[in-house]
$ cat query28.csv   # CSV, N, CA and C atoms
chain,number,residue,atom,x,y,z
A,1,MET,N,0.8,-1.2,0.0
A,1,MET,CA,0.0,0.0,0.0
A,1,MET,C,0.9,1.2,0.0
A,2,ASP,N,0.6,2.2,-0.9
A,2,ASP,CA,1.3,3.4,-1.0
A,2,ASP,C,0.6,4.4,0.0
A,3,VAL,N,1.4,4.9,1.0
A,3,VAL,CA,0.8,5.8,2.0
A,3,VAL,C,1.1,7.3,1.7
A,4,LYS,N,1.5,7.6,0.5
A,4,LYS,CA,1.7,9.0,0.2
A,4,LYS,C,0.4,9.7,0.2
A,5,SER,N,0.4,10.9,0.8
A,5,SER,CA,-0.8,11.7,0.9
A,5,SER,C,-2.0,10.9,1.6
A,6,LEU,N,-1.7,10.1,2.5
A,6,LEU,CA,-2.7,9.2,3.1
A,6,LEU,C,-3.8,9.9,3.7
A,7,TYR,N,-3.6,11.1,4.4
A,7,TYR,CA,-4.6,11.8,5.0
A,7,TYR,C,-5.8,12.1,4.1
A,8,THR,N,-5.5,12.5,2.9
A,8,THR,CA,-6.5,13.0,2.0
A,8,THR,C,-7.1,11.9,1.1
A,9,VAL,N,-6.5,10.8,1.0
A,9,VAL,CA,-6.9,9.8,0.0
A,9,VAL,C,-7.7,8.6,0.6
A,10,ILE,N,-7.7,8.5,1.9
A,10,ILE,CA,-8.5,7.4,2.5
A,10,ILE,C,-10.0,7.6,2.3
A,11,PRO,N,-10.7,6.7,1.6
A,11,PRO,CA,-12.1,6.9,1.4
A,11,PRO,C,-12.8,6.9,2.8
A,12,ASN,N,-13.9,7.8,2.9
A,12,ASN,CA,-14.6,7.9,4.2
A,12,ASN,C,-15.2,6.6,4.6
A,13,ASP,N,-15.7,5.8,3.7
A,13,ASP,CA,-16.3,4.5,4.1
A,13,ASP,C,-15.2,3.6,4.7
A,14,GLY,N,-14.0,3.6,4.2
A,14,GLY,CA,-12.9,2.9,4.8
A,14,GLY,C,-12.5,3.3,6.2
A,15,ARG,N,-12.6,4.6,6.4
A,15,ARG,CA,-12.3,5.1,7.8
A,15,ARG,C,-13.4,4.6,8.7
A,16,LEU,N,-14.6,4.6,8.3
A,16,LEU,CA,-15.7,4.2,9.2
A,16,LEU,C,-15.7,2.7,9.4
A,17,GLN,N,-15.3,1.9,8.4
A,17,GLN,CA,-15.2,0.5,8.6
A,17,GLN,C,-14.1,0.2,9.6
A,18,ALA,N,-13.0,0.8,9.5
A,18,ALA,CA,-11.8,0.6,10.4
A,18,ALA,C,-12.2,1.0,11.8
A,19,LEU,N,-12.9,2.1,12.0
A,19,LEU,CA,-13.4,2.6,13.3
A,19,LEU,C,-14.3,1.6,13.9
A,20,ALA,N,-15.3,1.1,13.1
A,20,ALA,CA,-16.3,0.2,13.7
A,20,ALA,C,-15.6,-1.2,14.0
A,21,TYR,N,-14.6,-1.6,13.2
A,21,TYR,CA,-13.9,-2.8,13.5
A,21,TYR,C,-13.2,-2.8,14.8
A,22,PHE,N,-12.4,-1.7,15.1
A,22,PHE,CA,-11.7,-1.6,16.3
A,22,PHE,C,-12.6,-1.3,17.5
A,23,ARG,N,-13.6,-0.6,17.3
A,23,ARG,CA,-14.6,-0.3,18.4
A,23,ARG,C,-15.2,-1.6,18.9
A,24,ASP,N,-15.5,-2.5,17.9
A,24,ASP,CA,-16.1,-3.8,18.3
A,24,ASP,C,-15.1,-4.7,19.1
A,25,GLN,N,-13.8,-4.4,19.0
A,25,GLN,CA,-12.8,-5.2,19.7
A,25,GLN,C,-12.6,-4.8,21.1
A,26,ARG,N,-13.1,-3.7,21.5
A,26,ARG,CA,-12.9,-3.2,22.9
A,26,ARG,C,-13.7,-4.0,23.9
A,27,THR,N,-13.1,-4.0,25.1
A,27,THR,CA,-13.8,-4.8,26.2
A,27,THR,C,-14.8,-4.0,26.9
A,28,VAL,N,-14.6,-2.8,27.1
A,28,VAL,CA,-15.6,-1.9,27.8
A,28,VAL,C,-16.4,-1.2,26.7
A,29,LYS,N,-17.7,-1.5,26.6
A,29,LYS,CA,-18.5,-0.9,25.6
A,29,LYS,C,-19.6,0.0,26.2
A,30,LYS,N,-19.1,1.0,26.8
A,30,LYS,CA,-20.0,2.0,27.5
A,30,LYS,C,-20.9,2.7,26.5
A,31,SER,N,-20.3,3.2,25.4
A,31,SER,CA,-21.1,3.8,24.3
A,31,SER,C,-21.1,2.7,23.2
A,32,SER,N,-22.2,2.6,22.5
A,32,SER,CA,-22.3,1.6,21.5
A,32,SER,C,-21.4,2.0,20.3
A,33,THR,N,-21.0,1.0,19.5
A,33,THR,CA,-20.2,1.2,18.3
A,33,THR,C,-21.0,2.0,17.4
A,34,HIS,N,-22.3,1.7,17.2
A,34,HIS,CA,-23.1,2.5,16.3
A,34,HIS,C,-23.1,4.0,16.6
A,35,THR,N,-23.3,4.3,17.9
A,35,THR,CA,-23.3,5.7,18.3
A,35,THR,C,-21.9,6.4,18.0
A,36,LEU,N,-20.8,5.7,18.3
A,36,LEU,CA,-19.5,6.3,18.0
A,36,LEU,C,-19.3,6.5,16.5
A,37,VAL,N,-19.7,5.5,15.7
A,37,VAL,CA,-19.5,5.6,14.3
A,37,VAL,C,-20.4,6.7,13.7
A,38,HIS,N,-21.6,6.9,14.2
A,38,HIS,CA,-22.4,7.9,13.8
A,38,HIS,C,-21.8,9.3,14.1
A,39,LEU,N,-21.2,9.5,15.3
A,39,LEU,CA,-20.6,10.7,15.6
A,39,LEU,C,-19.4,11.0,14.7
A,40,ALA,N,-18.7,9.9,14.3
A,40,ALA,CA,-17.5,10.1,13.4
A,40,ALA,C,-18.0,10.5,12.0
A,41,GLU,N,-19.2,10.0,11.6
A,41,GLU,CA,-19.8,10.4,10.3
A,41,GLU,C,-20.0,11.9,10.3
A,42,LEU,N,-20.5,12.4,11.4
A,42,LEU,CA,-20.8,13.8,11.5
A,42,LEU,C,-19.5,14.6,11.2
A,43,VAL,N,-18.4,14.2,11.8
A,43,VAL,CA,-17.1,14.9,11.6
A,43,VAL,C,-16.7,14.8,10.2
A,44,LEU,N,-16.9,13.6,9.6
A,44,LEU,CA,-16.4,13.4,8.2
A,44,LEU,C,-17.3,14.1,7.2
A,45,PHE,N,-18.6,14.1,7.3
A,45,PHE,CA,-19.5,14.6,6.3
A,45,PHE,C,-20.0,16.0,6.5
A,46,LEU,N,-19.7,16.6,7.7
A,46,LEU,CA,-20.1,18.0,7.9
A,46,LEU,C,-18.9,18.9,8.0
A,47,ASN,N,-17.9,18.5,7.3
A,47,ASN,CA,-16.6,19.2,7.4
A,47,ASN,C,-16.7,20.4,6.4
A,48,ALA,N,-16.5,21.6,6.9
A,48,ALA,CA,-16.5,22.8,6.0
A,48,ALA,C,-15.4,23.7,6.4
A,49,PHE,N,-15.0,24.5,5.5
A,49,PHE,CA,-14.0,25.5,5.7
A,49,PHE,C,-14.2,26.7,4.8
A,50,SER,N,-13.5,27.8,5.1
A,50,SER,CA,-13.6,29.0,4.2
A,50,SER,C,-12.3,29.2,3.6
A,51,PHE,N,-12.3,29.7,2.3
A,51,PHE,CA,-11.1,30.0,1.6
A,51,PHE,C,-11.5,31.1,0.6
A,52,ASP,N,-10.7,32.2,0.7
A,52,ASP,CA,-10.9,33.3,-0.3
A,52,ASP,C,-12.3,33.8,-0.2
A,53,ASP,N,-12.8,34.0,1.0
A,53,ASP,CA,-14.2,34.5,1.2
A,53,ASP,C,-15.3,33.6,0.7
A,54,GLN,N,-15.0,32.3,0.4
A,54,GLN,CA,-16.0,31.4,0.0
A,54,GLN,C,-16.1,30.3,1.1
A,55,HIS,N,-17.3,29.8,1.3
A,55,HIS,CA,-17.5,28.7,2.3
A,55,HIS,C,-17.6,27.4,1.4
A,56,ILE,N,-16.8,26.4,1.8
A,56,ILE,CA,-16.7,25.2,1.0
A,56,ILE,C,-16.9,24.0,2.0
A,57,ARG,N,-17.8,23.1,1.5
A,57,ARG,CA,-18.0,21.8,2.2
A,57,ARG,C,-17.1,20.8,1.5
A,58,GLN,N,-16.2,20.2,2.3
A,58,GLN,CA,-15.3,19.1,1.8
A,58,GLN,C,-16.1,17.8,1.8
A,59,ILE,N,-16.1,17.2,0.6
A,59,ILE,CA,-16.9,15.9,0.5
A,59,ILE,C,-16.1,14.7,0.4
A,60,GLY,N,-14.8,14.8,0.4
A,60,GLY,CA,-13.9,13.7,0.3
A,60,GLY,C,-12.7,13.8,1.2
A,61,GLY,N,-12.4,12.8,1.9
A,61,GLY,CA,-11.2,12.9,2.9
A,61,GLY,C,-11.6,13.8,4.1
A,62,VAL,N,-10.6,14.1,4.8
A,62,VAL,CA,-10.7,15.0,6.0
A,62,VAL,C,-9.7,16.1,5.9
A,63,ALA,N,-10.1,17.3,6.2
A,63,ALA,CA,-9.2,18.4,6.1
A,63,ALA,C,-8.0,18.2,6.9
A,64,MET,N,-6.9,18.7,6.4
A,64,MET,CA,-5.6,18.7,7.2
A,64,MET,C,-5.8,19.6,8.4
A,65,GLY,N,-5.4,19.1,9.5
A,65,GLY,CA,-5.5,19.9,10.8
A,65,GLY,C,-6.7,19.4,11.6
A,66,SER,N,-7.5,18.5,11.1
A,66,SER,CA,-8.6,18.0,11.8
A,66,SER,C,-8.0,17.1,13.0
A,67,LYS,N,-8.6,17.3,14.2
A,67,LYS,CA,-8.1,16.6,15.3
A,67,LYS,C,-8.3,15.1,15.2
A,68,MET,N,-9.3,14.6,14.4
A,68,MET,CA,-9.6,13.2,14.3
A,68,MET,C,-8.7,12.5,13.2
A,69,GLU,N,-8.2,13.3,12.3
A,69,GLU,CA,-7.5,12.7,11.2
A,69,GLU,C,-6.3,11.8,11.6
A,70,PRO,N,-5.4,12.1,12.5
A,70,PRO,CA,-4.3,11.2,12.8
A,70,PRO,C,-4.9,9.9,13.4
A,71,ASN,N,-6.0,9.9,14.1
A,71,ASN,CA,-6.6,8.7,14.7
A,71,ASN,C,-7.2,7.9,13.6
A,72,TYR,N,-7.9,8.5,12.6
A,72,TYR,CA,-8.4,7.8,11.5
A,72,TYR,C,-7.3,7.1,10.7
A,73,VAL,N,-6.2,7.8,10.4
A,73,VAL,CA,-5.1,7.2,9.7
A,73,VAL,C,-4.6,5.9,10.4
A,74,CYS,N,-4.3,6.1,11.7
A,74,CYS,CA,-3.8,4.9,12.4
A,74,CYS,C,-4.7,3.8,12.4
A,75,LEU,N,-6.0,4.0,12.6
A,75,LEU,CA,-7.0,2.9,12.6
A,75,LEU,C,-7.1,2.3,11.2
A,76,PHE,N,-7.1,3.1,10.2
A,76,PHE,CA,-7.2,2.6,8.8
A,76,PHE,C,-6.0,1.7,8.5
A,77,VAL,N,-4.8,2.2,8.8
A,77,VAL,CA,-3.6,1.4,8.5
A,77,VAL,C,-3.6,0.1,9.3
A,78,GLY,N,-4.0,0.2,10.6
A,78,GLY,CA,-4.1,-1.0,11.4
A,78,GLY,C,-5.1,-2.0,10.8
A,79,TYR,N,-6.2,-1.5,10.4
A,79,TYR,CA,-7.2,-2.3,9.8
A,79,TYR,C,-6.7,-3.0,8.5
A,80,ILE,N,-6.0,-2.3,7.7
A,80,ILE,CA,-5.4,-2.9,6.4
A,80,ILE,C,-4.4,-3.9,6.8
A,81,GLU,N,-3.6,-3.7,7.8
A,81,GLU,CA,-2.6,-4.7,8.2
A,81,GLU,C,-3.2,-6.0,8.7
A,82,GLU,N,-4.4,-5.9,9.4
A,82,GLU,CA,-5.0,-7.1,9.9
A,82,GLU,C,-5.6,-7.8,8.7

$ encode --input "query28.csv" --output "structure tokens"
Amino acid sequence: MDVKSLYTVIPNDGRLQALAYFRDQRTVKKSSTHTLVHLAELVLFLNAFSFDDQHIRQIGGVAMGSKMEPNYVCLFVGYIEE
């Protein structure tokens, strides 16, 4: 797997699959996997930013600088390795 520009090229459904997979592996399931994946969907699909006085909704990948992005990448790569 080529990991060049990994932050912006991981498909959102792949991120959510990896998140759900690892959330199901946990021993303490205080919040349901469904709830956590739904919250992650909100972060992925309601991502917006402004550039040059324009408001833009990003529909693919996650914006650089997102606090969740490093976690998504680690989960996704771990999911691919398994």

$ atom_distance --input "query28.csv" --atom1 "atom C of Leu39 in chain A" --atom2 "CA of Gly61 in chain A"
14.5 Å

$ closest_residue --input "query28.csv" --among "A:Met68, A:Asp13, A:Ser32, A:Ile59" --to "Phe45 in chain A" --atoms "only N, CA and C atoms"
A:Ile59

$ select_by_dssp --input "query28.csv" --residues "chain A" --states "helix (DSSP H, G or I)" --output "PyMOL selection string"
chain A and resi 6-9+12-25+33-45+69-81

$ closest_residue --input "query28.csv" --among "A:Ala20, A:Ile80, A:Ile56, A:Ile10" --to "Thr35 in chain A" --atoms "only C-alpha atoms"
A:Ala20

$ residues_near_point --input "query28.csv" --point "(-21.2, -4.7, 13.5)" --cutoff "8 Å" --atoms "only N, CA and C atoms" --output "MDAnalysis selection string"
chainID A and resid 20:21 24 33:34

$ write_last_selection --input "query28.csv" --atoms "N, CA and C atoms" --output "PDB file, in the frame of the given file"
ATOM      1  N   ALA A  20     -15.300   1.100  13.100  1.00  0.00           N
ATOM      2  CA  ALA A  20     -16.300   0.200  13.700  1.00  0.00           C
ATOM      3  C   ALA A  20     -15.600  -1.200  14.000  1.00  0.00           C
ATOM      4  N   TYR A  21     -14.600  -1.600  13.200  1.00  0.00           N
ATOM      5  CA  TYR A  21     -13.900  -2.800  13.500  1.00  0.00           C
ATOM      6  C   TYR A  21     -13.200  -2.800  14.800  1.00  0.00           C
ATOM      7  N   ASP A  24     -15.500  -2.500  17.900  1.00  0.00           N
ATOM      8  CA  ASP A  24     -16.100  -3.800  18.300  1.00  0.00           C
ATOM      9  C   ASP A  24     -15.100  -4.700  19.100  1.00  0.00           C
ATOM     10  N   THR A  33     -21.000   1.000  19.500  1.00  0.00           N
ATOM     11  CA  THR A  33     -20.200   1.200  18.300  1.00  0.00           C
ATOM     12  C   THR A  33     -21.000   2.000  17.400  1.00  0.00           C
ATOM     13  N   HIS A  34     -22.300   1.700  17.200  1.00  0.00           N
ATOM     14  CA  HIS A  34     -23.100   2.500  16.300  1.00  0.00           C
ATOM     15  C   HIS A  34     -23.100   4.000  16.600  1.00  0.00           C
TER      16      HIS A  34
END

$ atom_distance --input "query28.csv" --atom1 "atom C of Pro70 in chain A" --atom2 "atom C of Leu46 in chain A"
17.5 Å

$ closest_residue --input "query28.csv" --among "A:His55, A:Lys30, A:Phe49, A:Ala40" --to "Leu16 in chain A" --atoms "all atoms listed in the file"
A:Ala40

$ closest_residue --input "query28.csv" --among "A:Ala18, A:Val9, A:Ala48, A:Val62" --to "Tyr79 in chain A" --atoms "only N, CA and C atoms"
A:Ala18

$ select_by_dssp --input "query28.csv" --residues "chain A" --states "strand (DSSP E)" --output "list in words"
Ala48, Phe49, Ser50, Phe51, Gln54, His55, Ile56 and Arg57 of chain A

$ atom_distance --input "query28.csv" --atom1 "CA of Phe51 in chain A" --atom2 "atom N of Asn12 in chain A"
22.4 Å

$ closest_residue --input "query28.csv" --among "A:Leu75, A:Asp52, A:Ser66, A:Gly60" --to "Arg23 in chain A" --atoms "only C-alpha atoms"
A:Leu75

$ decode --input "query28.csv" --residues "range 13-70 of chain A" --atoms "C-alpha atoms" --output "short mmCIF file (atom, residue, chain, number, x, y, z; two decimals), in the first residue's frame"
data_model
loop_
_atom_site.label_atom_id
_atom_site.label_comp_id
_atom_site.auth_asym_id
_atom_site.auth_seq_id
_atom_site.Cartn_x
_atom_site.Cartn_y
_atom_site.Cartn_z
CA ASP A 13 -16.29 4.50 4.14
CA GLY A 14 -12.88 2.86 4.75
CA ARG A 15 -12.31 5.10 7.76
CA LEU A 16 -15.70 4.20 9.20
CA GLN A 17 -15.18 0.47 8.61
CA ALA A 18 -11.84 0.61 10.42
CA LEU A 19 -13.37 2.59 13.29
CA ALA A 20 -16.27 0.15 13.67
CA TYR A 21 -13.92 -2.85 13.50
CA PHE A 22 -11.67 -1.61 16.29
CA ARG A 23 -14.56 -0.28 18.40
CA ASP A 24 -16.07 -3.77 18.32
CA GLN A 25 -12.77 -5.19 19.65
CA ARG A 26 -12.87 -3.18 22.89
CA THR A 27 -13.79 -4.83 26.18
CA VAL A 28 -15.61 -1.91 27.80
CA LYS A 29 -18.53 -0.93 25.57
CA LYS A 30 -20.00 1.97 27.49
CA SER A 31 -21.06 3.76 24.30
CA SER A 32 -22.32 1.60 21.45
CA THR A 33 -20.19 1.20 18.35
CA HIS A 34 -23.14 2.46 16.30
CA THR A 35 -23.27 5.71 18.28
CA LEU A 36 -19.53 6.30 18.01
CA VAL A 37 -19.48 5.58 14.27
CA HIS A 38 -22.43 7.95 13.78
CA LEU A 39 -20.58 10.72 15.61
CA ALA A 40 -17.53 10.08 13.42
CA GLU A 41 -19.77 10.35 10.34
CA LEU A 42 -20.77 13.82 11.48
CA VAL A 43 -17.11 14.85 11.63
CA LEU A 44 -16.43 13.40 8.18
CA PHE A 45 -19.50 14.60 6.31
CA LEU A 46 -20.14 17.98 7.91
CA ASN A 47 -16.60 19.22 7.35
CA ALA A 48 -16.55 22.78 6.03
CA PHE A 49 -13.99 25.54 5.73
CA SER A 50 -13.63 28.97 4.20
CA PHE A 51 -11.12 30.01 1.58
CA ASP A 52 -10.87 33.32 -0.26
CA ASP A 53 -14.19 34.53 1.21
CA GLN A 54 -15.97 31.38 0.02
CA HIS A 55 -17.50 28.70 2.26
CA ILE A 56 -16.69 25.22 1.05
CA ARG A 57 -17.96 21.83 2.21
CA GLN A 58 -15.33 19.13 1.82
CA ILE A 59 -16.92 15.94 0.51
CA GLY A 60 -13.88 13.66 0.31
CA GLY A 61 -11.23 12.88 2.88
CA VAL A 62 -10.73 14.95 6.00
CA ALA A 63 -9.24 18.42 6.10
CA MET A 64 -5.63 18.67 7.17
CA GLY A 65 -5.51 19.86 10.75
CA SER A 66 -8.60 17.95 11.84
CA LYS A 67 -8.07 16.56 15.33
CA MET A 68 -9.56 13.21 14.30
CA GLU A 69 -7.46 12.70 11.17
CA PRO A 70 -4.33 11.19 12.81
#
